[in-house]
file final.txt (compact mmCIF, C-alpha atoms and all ligand atoms)
# COMPACT_ATOMS: atom_id res chain seq x y z
CA MET A 1 -8.59 -11.19 41.64
CA LYS A 2 -6.51 -8.25 40.58
CA THR A 3 -7.70 -5.98 43.39
CA SER A 4 -7.17 -8.62 46.04
CA THR A 5 -3.67 -9.31 44.71
CA LYS A 6 -2.86 -5.63 44.97
CA ILE A 7 -4.24 -5.45 48.49
CA MET A 8 -2.15 -8.47 49.43
CA TYR A 9 0.88 -6.80 47.87
CA LEU A 10 0.34 -3.55 49.76
CA PHE A 11 -0.24 -5.50 52.96
CA THR A 12 2.99 -7.42 52.47
CA LEU A 13 4.85 -4.20 51.68
CA ALA A 14 3.43 -2.60 54.80
CA LEU A 15 4.61 -5.58 56.84
CA ILE A 16 8.12 -5.34 55.41
CA VAL A 17 8.32 -1.59 55.88
CA GLY A 18 6.89 -2.07 59.35
CA SER A 19 9.38 -4.77 60.24
CA CYS A 20 12.29 -2.75 58.84
CA SER A 21 11.39 0.28 60.88
CA SER A 22 10.84 -1.76 64.00
CA ASP A 23 13.90 -3.95 64.14
CA GLY A 24 15.98 -2.98 61.07
CA GLU A 25 16.24 -6.58 59.86
CA ASN A 26 16.27 -7.16 56.13
CA ASP A 27 13.71 -9.82 55.19
CA ASP A 28 13.40 -11.35 51.69
CA PRO A 29 13.71 -8.44 49.25
CA GLN A 30 10.52 -7.59 47.42
CA PRO A 31 10.91 -9.09 43.89
CA GLN A 32 11.28 -6.46 41.18
CA TYR A 33 9.49 -7.84 38.14
CA ASN A 34 10.41 -6.50 34.75
CA LEU A 35 9.51 -6.74 31.07
CA ASP A 36 12.89 -7.98 29.84
CA ALA A 37 11.57 -11.36 28.71
CA LEU A 38 8.88 -9.73 26.57
CA GLN A 39 11.12 -7.45 24.48
CA GLY A 40 11.32 -8.02 20.74
CA LYS A 41 9.17 -9.71 18.14
CA TRP A 42 6.25 -12.06 18.76
CA TYR A 43 4.30 -14.05 16.18
CA ARG A 44 0.70 -15.11 16.65
CA VAL A 45 0.27 -18.79 15.86
CA GLY A 46 -2.83 -19.96 17.71
CA GLY A 47 -5.94 -19.24 19.71
CA ASN A 48 -9.62 -19.02 18.98
CA ASN A 49 -9.31 -16.65 15.98
CA PRO A 50 -7.17 -18.47 13.39
CA ASP A 51 -7.68 -15.66 10.86
CA ALA A 52 -5.39 -13.47 12.98
CA ASN A 53 -2.52 -15.94 12.89
CA GLY A 54 0.60 -14.60 11.23
CA MET A 55 0.32 -11.29 13.07
CA GLU A 56 3.61 -9.81 14.31
CA VAL A 57 3.99 -7.59 17.39
CA THR A 58 7.24 -5.91 18.41
CA VAL A 59 7.56 -5.06 22.10
CA THR A 60 9.68 -2.07 23.05
CA ASN A 61 9.69 -1.21 26.75
CA ASP A 62 6.04 -1.44 27.86
CA GLN A 63 4.32 -1.12 24.46
CA GLY A 64 3.68 -3.84 21.88
CA VAL A 65 3.39 -2.32 18.40
CA LEU A 66 1.77 -4.18 15.54
CA THR A 67 4.50 -4.62 12.93
CA ASP A 68 2.42 -6.92 10.70
CA PRO A 69 -1.38 -6.98 11.01
CA ALA A 70 -1.54 -10.10 8.76
CA ASN A 71 -5.08 -10.64 7.52
CA THR A 72 -6.82 -8.54 10.16
CA SER A 73 -8.49 -5.16 10.01
CA LEU A 74 -5.91 -3.65 12.38
CA GLN A 75 -3.28 -1.33 10.96
CA GLU A 76 0.48 -1.49 11.07
CA ASN A 77 1.84 0.61 13.96
CA ASN A 78 -1.32 0.19 16.01
CA ILE A 79 -0.42 -0.37 19.66
CA LYS A 80 -1.65 -3.93 20.11
CA TRP A 81 -0.45 -4.32 23.69
CA LYS A 82 -0.68 -1.10 25.65
CA ASP A 83 1.03 -0.21 28.95
CA ILE A 84 2.28 -3.69 29.81
CA GLU A 85 2.97 -4.21 33.51
CA ALA A 86 4.81 -7.12 35.03
CA THR A 87 2.73 -8.57 37.82
CA GLY A 88 4.89 -11.63 38.48
CA GLU A 89 7.95 -13.49 37.25
CA THR A 90 6.02 -14.74 34.20
CA ASN A 91 2.78 -12.77 34.41
CA TYR A 92 1.80 -9.48 32.88
CA GLU A 93 -1.23 -7.26 32.49
CA HIS A 94 -1.89 -4.94 29.57
CA GLY A 95 -4.50 -3.26 27.40
CA GLU A 96 -5.34 -5.50 24.43
CA LEU A 97 -6.43 -3.78 21.19
CA GLY A 98 -9.55 -5.43 19.77
CA SER A 99 -10.75 -5.41 16.18
CA ASP A 100 -13.24 -2.69 17.20
CA GLN A 101 -10.27 -0.41 18.06
CA ASN A 102 -11.11 -0.54 21.78
CA TYR A 103 -8.70 -1.71 24.49
CA TYR A 104 -9.64 -4.57 26.80
CA SER A 105 -7.95 -5.83 29.97
CA GLY A 106 -5.53 -8.54 28.96
CA PHE A 107 -3.42 -11.02 30.88
CA MET A 108 -0.20 -12.59 29.62
CA GLU A 109 1.59 -15.61 30.85
CA MET A 110 5.03 -16.60 29.62
CA GLY A 111 5.63 -20.32 29.34
CA SER A 112 9.01 -21.92 29.97
CA ASP A 113 9.15 -22.73 26.24
CA ASP A 114 9.15 -19.01 25.35
CA THR A 115 5.47 -19.17 24.48
CA LEU A 116 3.25 -16.26 25.37
CA ARG A 117 -0.37 -17.02 26.17
CA ILE A 118 -2.84 -14.16 26.30
CA SER A 119 -6.35 -14.11 27.65
CA VAL A 120 -8.57 -11.09 27.21
CA ASN A 121 -11.27 -10.06 29.63
CA SER A 122 -13.92 -9.87 26.93
CA PRO A 123 -15.99 -12.58 25.30
CA GLY A 124 -15.60 -13.31 21.61
CA THR A 125 -13.16 -14.70 19.08
CA GLY A 126 -9.58 -13.78 19.72
CA ASN A 127 -9.80 -13.66 23.50
CA VAL A 128 -7.42 -16.60 23.73
CA GLN A 129 -4.12 -16.25 21.89
CA LYS A 130 -0.84 -18.07 21.57
CA TRP A 131 2.31 -16.22 20.51
CA VAL A 132 5.80 -17.54 19.80
CA ARG A 133 9.28 -16.16 19.09
CA THR A 134 9.91 -17.81 15.72
CA PHE A 135 7.65 -17.19 12.78
CA ILE A 136 5.71 -20.27 11.78
CA ALA A 137 3.85 -19.82 8.54
CA PRO A 138 0.13 -20.40 8.93
CA ILE A 139 -0.93 -23.62 7.22
CA ALA A 140 -3.56 -21.88 5.13
CA GLU A 141 -2.44 -19.75 2.16
CA LEU A 142 -2.81 -16.08 2.96
CA HIS A 143 -4.35 -13.78 0.40
CA GLU A 144 -4.13 -10.09 1.23
CA CYS A 145 -6.36 -8.80 -1.54
CA GLU A 146 -8.70 -5.99 -0.52
CA PRO A 147 -10.99 -5.18 -3.44
CA TYR A 148 -12.60 -1.76 -3.67
CA GLU A 149 -15.00 0.01 -5.98
CA PRO A 150 -12.83 2.46 -7.94
CA ASP A 151 -14.03 6.03 -8.13
CA ALA A 152 -15.47 7.37 -11.39
CA PHE A 153 -16.92 10.80 -12.03
CA SER A 154 -17.27 13.62 -14.55
CA MET A 155 -17.31 17.33 -13.79
CA ALA A 156 -17.14 20.60 -15.69
CA LYS A 157 -16.48 24.29 -15.10
CA ASP A 158 -17.48 27.30 -17.17
CA ASP A 159 -15.45 30.51 -17.15
CA LEU A 160 -14.43 33.50 -19.25
CA TRP A 161 -11.33 34.86 -20.91
CA VAL A 162 -11.76 38.61 -20.55
CA GLU A 163 -9.01 39.42 -23.03
CA ALA A 164 -6.69 37.76 -25.49
CA GLY A 165 -3.81 35.85 -23.92
CA GLU A 166 -5.39 35.73 -20.45
CA GLU A 167 -4.10 32.84 -18.37
CA ASP A 168 -6.68 31.46 -15.95
CA GLU A 169 -5.28 29.32 -13.17
CA PHE A 170 -7.34 26.82 -11.22
CA PRO A 171 -5.32 25.39 -8.32
CA GLY A 172 -6.40 21.90 -7.31
CA LEU A 173 -9.21 21.84 -9.88
CA LEU A 174 -8.76 18.09 -10.45
CA PRO A 175 -9.37 16.54 -7.03
CA VAL A 176 -7.24 14.03 -5.19
CA SER A 177 -7.55 10.41 -6.31
CA THR A 178 -8.72 8.30 -3.39
CA ASP A 179 -8.10 4.94 -5.08
CA PRO A 180 -5.10 3.06 -3.64
CA ALA A 181 -3.87 2.33 -7.18
CA GLY A 182 -4.66 5.84 -8.48
CA GLY A 183 -6.38 6.30 -11.82
CA TYR A 184 -6.45 8.69 -14.76
CA TYR A 185 -8.06 11.93 -15.89
CA ILE A 186 -9.29 12.85 -19.35
CA VAL A 187 -9.49 16.66 -19.54
CA THR A 188 -11.09 18.73 -22.30
CA LEU A 189 -10.85 22.49 -22.81
CA GLU A 190 -12.99 24.21 -25.42
CA SER A 191 -14.11 27.70 -26.22
CA THR A 192 -17.89 28.12 -26.21
CA GLY A 193 -17.88 31.57 -27.80
CA PRO A 194 -19.30 32.42 -31.22
CA LEU A 195 -15.78 32.73 -32.67
CA PRO A 196 -13.87 30.07 -30.76
CA SER A 197 -10.17 30.37 -29.98
CA GLN A 198 -7.77 27.49 -30.22
CA PRO A 199 -7.21 26.66 -26.56
CA TRP A 200 -4.04 25.89 -24.61
CA ILE A 201 -4.03 23.86 -21.41
CA ALA A 202 -1.35 23.08 -18.80
CA ILE A 203 -1.88 20.54 -16.01
CA SER A 204 0.55 20.11 -13.13
CA VAL A 205 0.85 18.40 -9.76
CA SER A 206 -0.69 20.92 -7.38
CA GLY A 207 1.80 23.68 -6.60
CA GLU A 208 4.37 22.59 -9.18
CA GLU A 209 5.66 24.70 -12.05
CA VAL A 210 6.59 21.90 -14.44
CA PRO A 211 3.47 20.59 -16.13
CA VAL A 212 2.49 16.95 -16.38
CA ILE A 213 1.08 17.71 -19.82
CA ASN A 214 0.50 20.96 -21.71
CA GLY A 215 0.10 22.48 -25.15
CA THR A 216 -2.47 23.47 -27.68
CA SER A 217 -4.83 21.76 -30.04
CA ALA A 218 -3.75 24.15 -32.82
CA GLY A 219 -2.61 22.32 -35.90
CA THR A 220 -4.39 19.08 -35.01
CA ASP A 221 -7.48 17.62 -36.64
CA THR A 222 -9.58 19.04 -33.79
CA PRO A 223 -8.05 22.52 -33.31
CA LEU A 224 -10.91 23.93 -31.24
CA THR A 225 -10.90 21.24 -28.56
CA ARG A 226 -7.84 20.57 -26.41
CA LYS A 227 -8.10 17.04 -25.02
CA VAL A 228 -5.48 15.30 -22.88
CA ALA A 229 -5.24 12.36 -20.49
CA PHE A 230 -2.79 11.70 -17.64
CA SER A 231 -2.44 9.22 -14.82
CA ALA A 232 -3.31 10.46 -11.32
CA HIS A 233 -1.42 9.47 -8.19
CA PRO A 234 -3.37 8.70 -4.99
CA GLY A 235 -3.42 11.64 -2.60
CA ILE A 236 -2.39 14.27 -5.18
CA ALA A 237 -4.58 17.03 -6.67
CA TYR A 238 -3.72 18.70 -9.98
CA ASP A 239 -3.76 22.36 -11.07
CA VAL A 240 -5.12 23.49 -14.43
CA MET A 241 -4.18 26.59 -16.44
CA ALA A 242 -6.35 27.52 -19.43
CA ARG A 243 -5.80 30.23 -22.02
CA PRO A 244 -6.67 31.05 -25.61
CA PHE A 245 -3.61 30.26 -27.73
CA TYR A 246 -2.89 33.75 -28.96
CA ASN A 247 -0.75 32.88 -31.97
CA ALA A 248 -3.31 30.52 -33.41
CA SER A 249 -6.43 32.52 -32.65
CA PRO A 250 -7.98 34.83 -35.22
CA PRO A 251 -7.59 38.58 -34.64
CA SER A 252 -11.34 38.79 -35.00
CA ASP A 253 -11.73 36.94 -31.65
CA VAL A 254 -14.41 38.46 -29.49
CA TYR A 255 -13.71 38.94 -25.78
CA PRO A 256 -14.86 38.20 -23.17
CA GLU A 257 -14.90 34.68 -24.53
CA PRO A 258 -16.64 31.89 -22.62
CA TYR A 259 -14.99 28.50 -22.32
CA ARG A 260 -15.52 25.20 -20.56
CA ILE A 261 -13.13 22.79 -18.86
CA SER A 262 -14.55 19.30 -18.37
CA TRP A 263 -12.87 16.30 -16.84
CA GLU A 264 -13.53 12.66 -16.32
CA TYR A 265 -11.80 10.55 -13.67
CA VAL A 266 -11.48 6.78 -13.96
CA GLY A 267 -10.07 4.92 -10.95
CA ILE A 268 -8.04 1.72 -11.22
CA MET A 269 -8.76 -1.25 -8.95
CA ASP A 270 -5.62 -3.09 -7.83
CA CYS A 271 -6.57 -4.96 -4.64
CA TYR A 272 -2.93 -5.37 -3.56
CA GLU A 273 -2.12 -1.64 -3.46
CA PRO A 274 -0.40 -0.04 -1.74
CA ASN A 275 2.45 -2.53 -2.24
CA ASP A 276 5.25 -0.38 -3.57
CA ASN A 277 8.12 -1.76 -1.47
CA PHE A 278 9.17 -4.80 0.57
CA ASP A 279 7.53 -3.46 3.73
CA GLU A 280 4.18 -3.13 1.96
CA ALA A 281 4.32 -6.58 0.29
CA LYS A 282 1.01 -8.46 0.31
CA PHE A 283 0.60 -12.21 0.83
CA ILE A 284 -0.65 -14.07 -2.23
CA PRO A 285 -1.58 -17.75 -2.51
CA LYS A 286 0.33 -20.11 -4.77
CA ASP A 287 -1.38 -21.77 -7.76
CA GLU A 288 -3.91 -18.97 -8.22
CA VAL A 289 -4.00 -16.37 -10.97
CA ILE A 290 -3.08 -13.01 -9.46
CA GLU A 291 -4.33 -9.92 -11.29
CA ALA A 292 -2.93 -6.41 -10.76
CA TYR A 293 -2.11 -3.19 -12.62
CA ALA A 294 1.33 -1.88 -13.54
CA ASN A 295 0.14 1.70 -13.97
CA LYS A 296 2.54 4.47 -12.99
CA ASN A 297 1.24 7.83 -11.90
CA ASN A 298 2.28 11.48 -12.09
CA GLU A 299 3.60 11.97 -8.61
CA GLY A 300 5.70 15.08 -9.11
CA TYR A 301 8.43 16.45 -11.35
CA GLY A 302 11.72 14.54 -11.05
CA ILE A 303 10.41 12.09 -8.44
CA GLN A 304 11.75 8.67 -9.28
CA GLU A 305 8.63 6.83 -8.39
CA GLU A 306 8.60 3.62 -6.46
CA GLN A 307 5.52 2.02 -7.85
CA ASP A 308 6.63 -1.56 -8.13
CA ASP A 309 4.29 -4.25 -6.86
CA TYR A 310 5.58 -6.50 -4.04
CA TYR A 311 4.05 -9.79 -2.92
CA LYS A 312 4.82 -12.47 -0.33
CA VAL A 313 4.40 -16.21 -0.80
CA VAL A 314 4.88 -19.00 1.70
CA LEU A 315 6.58 -22.30 0.90
CA PHE A 316 5.33 -24.96 3.29
CA GLN A 317 8.02 -27.43 2.28
CA PRO A 318 11.29 -27.19 0.35
CA ALA A 319 10.77 -26.63 -3.39
CA ARG A 320 11.82 -24.44 -6.26
CA LEU A 321 9.58 -21.44 -6.90
CA GLN A 322 8.26 -20.64 -10.35
CA VAL A 323 6.68 -17.34 -11.37
CA GLN A 324 4.81 -17.24 -14.65
CA LEU A 325 3.60 -14.10 -16.41
CA LEU A 326 0.32 -15.04 -18.10
CA GLN A 327 -0.84 -11.67 -19.40
CA SER A 328 0.87 -8.32 -19.90
CA PRO A 329 -0.20 -4.87 -21.08
CA SER A 330 1.15 -4.37 -24.61
CA ASP A 331 3.05 -1.16 -23.78
CA ASP A 332 5.18 -2.42 -20.90
CA PHE A 333 7.44 -5.23 -19.78
CA ILE A 334 6.50 -6.76 -16.43
CA ASP A 335 9.66 -8.10 -14.80
CA LEU A 336 8.93 -10.67 -12.07
CA ASN A 337 11.73 -11.59 -9.68
CA VAL A 338 11.94 -13.69 -6.51
CA TYR A 339 13.63 -12.63 -3.26
CA ARG A 340 14.57 -14.21 0.02
CA GLU A 341 13.05 -12.98 3.25
CA SER A 342 16.39 -11.18 3.76
CA ARG A 343 15.51 -9.35 0.50
CA GLY A 344 18.38 -10.79 -1.49
CA GLU A 345 17.46 -11.70 -5.07
CA ILE A 346 17.26 -15.40 -5.90
CA VAL A 347 18.86 -16.54 -9.14
CA THR A 348 16.32 -17.84 -11.65
CA THR A 349 16.32 -19.31 -15.13
CA LEU A 350 14.16 -17.52 -17.71
CA THR A 351 12.03 -19.47 -20.18
CA PRO A 352 10.31 -17.35 -22.86
CA ILE A 353 6.68 -18.06 -23.78
CA SER A 354 6.10 -15.22 -26.26
CA GLY A 355 8.05 -12.20 -27.41
CA MET A 356 11.59 -11.55 -26.18
CA PRO A 357 11.50 -11.36 -22.39
CA GLY A 358 15.30 -11.61 -22.31
CA ASP A 359 15.37 -8.17 -23.96
CA LYS A 360 12.55 -6.91 -21.71
CA GLU A 361 10.34 -6.48 -24.76
CA ASP A 362 6.95 -4.89 -24.07
CA GLY A 363 4.20 -7.47 -23.77
CA ALA A 364 6.57 -10.48 -23.62
CA LEU A 365 5.45 -13.49 -21.57
CA TYR A 366 7.66 -16.03 -19.80
CA PHE A 367 8.26 -18.05 -16.69
CA LYS A 368 11.21 -17.98 -14.30
CA THR A 369 12.21 -20.82 -12.00
CA THR A 370 14.64 -20.59 -9.10
CA ASN A 371 17.80 -22.57 -9.80
CA ALA A 372 18.02 -23.72 -6.20
CA THR A 373 15.56 -25.66 -4.09
CA LEU A 374 14.40 -23.24 -1.41
CA ASP A 375 13.76 -23.97 2.25
CA ALA A 376 10.25 -23.69 3.63
CA GLY A 377 9.55 -20.09 4.54
CA THR A 378 8.38 -16.75 3.24
CA TYR A 379 9.61 -15.32 -0.08
CA TYR A 380 8.98 -12.09 -1.94
CA VAL A 381 7.94 -11.62 -5.56
CA ARG A 382 8.48 -8.21 -7.14
CA ALA A 383 6.83 -6.97 -10.33
CA ARG A 384 8.88 -4.12 -11.79
CA THR A 385 7.89 -2.19 -14.88
CA PHE A 386 9.88 -0.15 -17.39
CA MET A 387 7.25 2.19 -18.77
CA ASN A 388 8.81 5.59 -19.30
CA ASP A 389 6.20 7.45 -21.30
CA GLY A 390 2.97 5.80 -20.25
CA LYS A 391 1.84 8.55 -17.91
CA THR A 392 0.12 10.82 -20.43
CA ALA A 393 -1.78 10.65 -23.70
CA ASP A 394 -2.26 13.58 -26.11
CA LEU A 395 -5.70 12.75 -27.46
CA ASN A 396 -5.52 15.56 -30.05
CA LEU A 397 -2.61 13.64 -31.57
CA ASP A 398 -4.64 10.41 -31.47
CA GLU A 399 -2.37 8.86 -28.86
CA PRO A 400 -4.21 5.94 -27.27
CA LEU A 401 -4.71 5.65 -23.52
CA PRO A 402 -1.71 3.65 -22.25
CA ASP A 403 -2.57 -0.03 -22.16
CA THR A 404 -1.18 -0.24 -18.60
CA TRP A 405 -4.16 1.88 -17.47
CA THR A 406 -6.74 -0.52 -18.84
CA THR A 407 -5.12 -3.96 -19.11
CA PRO A 408 -3.94 -5.76 -15.97
CA TYR A 409 -1.03 -8.15 -15.81
CA THR A 410 -1.68 -11.63 -14.45
CA PHE A 411 0.71 -14.21 -13.05
CA THR A 412 0.96 -17.32 -10.92
CA VAL A 413 3.46 -18.52 -8.35
CA THR A 414 3.88 -22.27 -8.01
CA ALA A 415 6.12 -24.61 -6.07
CA VAL A 416 7.87 -27.07 -8.41
CA GLU A 417 10.17 -30.05 -7.88
CA CA B 1 0.07 -2.16 -8.96
CA CA B 2 2.36 -0.99 -6.29
call {"tool": "encode", "arguments": {"input": "final.txt", "output": "structure tokens", "more": "lines below"}}
Ligand SMILES: [Ca+2]
Ligand SMILES: [Ca+2]
result
Amino acid sequence: MKTSTKIMYLFTLALIVGSCSSDGENDDPQPQYNLDALQGKWYRVGGNNPDANGMEVTVTNDQGVLTDPANTSLQENNIKWKDIEATGETNYEHGELGSDQNYYSGFMEMGSDDTLRISVNSPGTGNVQKWVRTFIAPIAELHECEPYEPDAFSMAKDDLWVEAGEEDEFPGLLPVSTDPAGGYYIVTLESTGPLPSQPWIAISVSGEEVPVINGTSAGTDTPLTRKVAFSAHPGIAYDVMARPFYNASPPSDVYPEPYRISWEYVGIMDCYEPNDNFDEAKFIPKDEVIEAYANKNNEGYGIQEEQDDYYKVVLFQPARLQVQLLQSPSDDFIDLNVYRESRGEIVTTLTPISGMPGDKEDGALYFKTTNATLDAGTYYVRARTFMNDGKTADLNLDEPLPDTWTTPYTFTVTAVE
């Protein structure tokens, strides 16, 4: 079909060119098709793969970029529609990105009702699609939870202090956390010599001077073993510096002195991460208990981290929205708020369940209900936390691991009259 159309086109062009050169008359001008009608956002609402409904593609010039992959395995910013060509007033051809990351020949037809119908020259689900200009929430509740098995490992390294006061630096010794929610390290430094020194450790984001945690075990109940814990940010490795703490070590110390650094990593599973801002918000269903972690990680000195958790819920019919915090870590206050799709905050009324949520007391539970009845549509829920010192634990001082590392918060979103 395509080839014969092209041949016909060339033939017609040849005829026109021929006729122009022969008698100079101007016949019907050859139509110049363009992509104007395709520009902008398109929402997938139908076809033979309902799971892909809710997808958003933004067309700029001749490329259609995926601006919301919805519940599919495709990634944001993938080129969903590649090299679109106008082949008629309402017809287009393009490369269609499949779930296997390959491109297939696709055909688009624009309906008079601003509906775009796509057929793909490949068998299988998703080869027939309907796209529209105005977002229509899929009837089914979306749940963008992607569980993973969090990483967990233990490692150790033996080395020597050749002389008193020697500072041994190990750049990137604690490897990058690959868990989307990050995790935490427990690090132990101890002398293994016959006359052990009291050790000093400093741990920092790789390449940074200011440590995440440092200090000695001298003066604690376990002066020969320096043990610390800190939360690890995804994608960041940490440097370790180890030395015998000169002031607290006996002059009879024998050098070279062997020592051992050992570390344990525990990943945290939060199936909605990354969801640190409005753009990364994940769809959650109403009336189901949502479980996530409010852990905050050591991202770098002075970086004001954006580690809030953002969610999206869909109201199918007008109602008030209610968010209820069912469980909270004891060392943090989880502040749930509701936002319009335009990202403006919606005024709610707070009802305490336990503790003093009005004072943002750690561990307090409550529910909040929007004062106004909301139109059907998509809304955001943000969980913000106020933990300021829950990123480290000095285990020599018997500080517990922050509860936010080990206890999730849980909440529900419901539509109420
Ligand atoms: Ca989280
Ligand atoms: Ca988050």
call {"tool": "residues_around", "arguments": {"input": "final.txt", "residues": "Ser112 of chain A", "least_positions_apart": "6", "cutoff": "12 Å", "atoms": "all atoms listed in the file", "output": "ChimeraX atom specification"}}
result
/A:37,89-91,132
call {"tool": "closest_residue", "arguments": {"input": "final.txt", "among": "A:Asp331, A:Glu190, A:Glu149, A:Glu273", "to": "ligand CA 2 (chain B)", "atoms": "all atoms listed in the file"}}
result
A:Glu273
call {"tool": "atom_distance", "arguments": {"input": "final.txt", "atom1": "atom CA of Met55 of chain A", "atom2": "atom CA of Pro150 of chain A"}}
result
28.3 Å
call {"tool": "closest_residue", "arguments": {"input": "final.txt", "among": "A:Asp362, A:Asp287, A:Asp276, A:Asp335", "to": "ligand CA 1 (chain B)", "atoms": "all atoms listed in the file"}}
result
A:Asp276
call {"tool": "closest_atom_pairs", "arguments": {"input": "final.txt", "of": "chain A", "to": "ligand CA 1 (chain B)", "cutoff": "12 Å", "atoms": "only C-alpha atoms and all ligand atoms", "output": "CSV"}}
result
residue,atom,partner,partner_atom,distance
A:Cys145,CA,B:CA1,CA,11.9
A:Asp179,CA,B:CA1,CA,11.5
A:Pro180,CA,B:CA1,CA,9.1
A:Ala181,CA,B:CA1,CA,6.2
A:Gly182,CA,B:CA1,CA,9.3
A:Gly183,CA,B:CA1,CA,11.0
A:His233,CA,B:CA1,CA,11.8
A:Ile268,CA,B:CA1,CA,9.3
A:Met269,CA,B:CA1,CA,8.9
A:Asp270,CA,B:CA1,CA,5.9
A:Cys271,CA,B:CA1,CA,8.4
A:Tyr272,CA,B:CA1,CA,7.0
A:Glu273,CA,B:CA1,CA,5.9
A:Pro274,CA,B:CA1,CA,7.5
A:Asn275,CA,B:CA1,CA,7.1
A:Asp276,CA,B:CA1,CA,7.7
A:Asn277,CA,B:CA1,CA,11.0
A:Glu280,CA,B:CA1,CA,11.7
A:Ala281,CA,B:CA1,CA,11.1
A:Lys282,CA,B:CA1,CA,11.2
A:Ile290,CA,B:CA1,CA,11.3
A:Glu291,CA,B:CA1,CA,9.2
A:Ala292,CA,B:CA1,CA,5.5
A:Tyr293,CA,B:CA1,CA,4.4
A:Ala294,CA,B:CA1,CA,4.8
A:Asn295,CA,B:CA1,CA,6.3
A:Lys296,CA,B:CA1,CA,8.1
A:Asn297,CA,B:CA1,CA,10.5
A:Glu306,CA,B:CA1,CA,10.6
A:Gln307,CA,B:CA1,CA,7.0
A:Asp308,CA,B:CA1,CA,6.6
A:Asp309,CA,B:CA1,CA,5.2
A:Tyr310,CA,B:CA1,CA,8.6
A:Tyr311,CA,B:CA1,CA,10.5
A:Ile334,CA,B:CA1,CA,10.9
A:Arg382,CA,B:CA1,CA,10.5
A:Ala383,CA,B:CA1,CA,8.4
A:Arg384,CA,B:CA1,CA,9.5
A:Thr385,CA,B:CA1,CA,9.8
A:Thr404,CA,B:CA1,CA,9.9
A:Trp405,CA,B:CA1,CA,10.3
A:Thr407,CA,B:CA1,CA,11.5
A:Pro408,CA,B:CA1,CA,8.8
A:Tyr409,CA,B:CA1,CA,9.2
A:Thr410,CA,B:CA1,CA,11.1
call {"tool": "atom_distance", "arguments": {"input": "final.txt", "atom1": "atom CA of Thr378 of chain A", "atom2": "atom CA of Leu38 of chain A"}}
result
24.4 Å
call {"tool": "closest_residue", "arguments": {"input": "final.txt", "among": "A:Gln63, A:Gln324, A:Ser206, A:Asn71", "to": "Ile236 of chain A", "atoms": "all atoms listed in the file"}}
result
A:Ser206
call {"tool": "residues_near_point", "arguments": {"input": "final.txt", "point": "(-11.8, 19.4, -17.2)", "cutoff": "8 Å", "atoms": "only C-alpha atoms", "output": "MDAnalysis selection string"}}
result
chainID A and resid 155:157 174 186:189 260:264
call {"tool": "closest_residue", "arguments": {"input": "final.txt", "among": "A:Glu141, A:Asp239, A:Asp394, A:Asp279", "to": "ligand CA 2 (chain B)", "atoms": "all atoms listed in the file"}}
result
A:Asp279
call {"tool": "atom_distance", "arguments": {"input": "final.txt", "atom1": "atom CA of Ile79 of chain A", "atom2": "atom CA of Gly46 of chain A"}}
result
19.8 Å
call {"tool": "residues_around", "arguments": {"input": "final.txt", "residues": "Ala202 of chain A", "least_positions_apart": "5", "cutoff": "8 Å", "atoms": "all atoms listed in the file", "output": "list in words"}}
result
Pro211, Val212, Ile213, Asn214, Gly215, Val240, Met241 and Ala242 of chain A
call {"tool": "closest_residue", "arguments": {"input": "final.txt", "among": "A:Glu85, A:Asp159, A:Glu167, A:Glu109", "to": "Gly193 of chain A", "atoms": "only C-alpha atoms"}}
result
A:Asp159
call {"tool": "residues_around", "arguments": {"input": "final.txt", "residues": "Lys82 of chain A", "least_positions_apart": "2", "cutoff": "6 Å", "atoms": "all atoms listed in the file", "output": "PyMOL selection string"}}
result
chain A and resi 63+84+94-95
call {"tool": "write_last_selection", "arguments": {"input": "final.txt", "atoms": "C-alpha atoms", "output": "compact mmCIF listing (two decimals), keeping the file's coordinate frame"}}
result
# COMPACT_ATOMS: atom_id res chain seq x y z
CA GLN A 63 4.32 -1.12 24.46
CA ILE A 84 2.28 -3.69 29.81
CA HIS A 94 -1.89 -4.94 29.57
CA GLY A 95 -4.50 -3.26 27.40
call {"tool": "closest_residue", "arguments": {"input": "final.txt", "among": "A:Ser342, A:Thr370, A:Ser105, A:Ser99", "to": "Arg320 of chain A", "atoms": "all atoms listed in the file"}}
result
A:Thr370
call {"tool": "residues_near_point", "arguments": {"input": "final.txt", "point": "(4.7, -12.8, -27.2)", "cutoff": "6 Å", "atoms": "only C-alpha atoms", "output": "list in words"}}
result
Ser354, Gly355, Ala364 and Leu365 of chain A
call {"tool": "residues_around", "arguments": {"input": "final.txt", "residues": "Asn371 of chain A", "least_positions_apart": "2", "cutoff": "10 Å", "atoms": "all atoms listed in the file", "output": "PyMOL selection string"}}
result
chain A and resi 320-322+346-349+368-369+373-374
call {"tool": "decode", "arguments": {"input": "final.txt", "residues": "segment 394-405 of chain A", "atoms": "C-alpha atoms", "output": "tab-separated table (two decimals), in the first residue's frame"}}
result
chain	number	residue	atom	x	y	z
A	394	ASP	CA	26.03	6.71	67.24
A	395	LEU	CA	25.83	3.12	68.40
A	396	ASN	CA	28.67	3.62	70.92
A	397	LEU	CA	26.36	6.09	72.66
A	398	ASP	CA	23.51	3.56	72.54
A	399	GLU	CA	21.50	5.67	70.12
A	400	PRO	CA	18.86	3.46	68.51
A	401	LEU	CA	18.51	3.12	64.74
A	402	PRO	CA	16.00	5.81	63.72
A	403	ASP	CA	12.51	4.35	63.68
A	404	THR	CA	11.93	5.88	60.21
A	405	TRP	CA	14.46	3.36	58.85
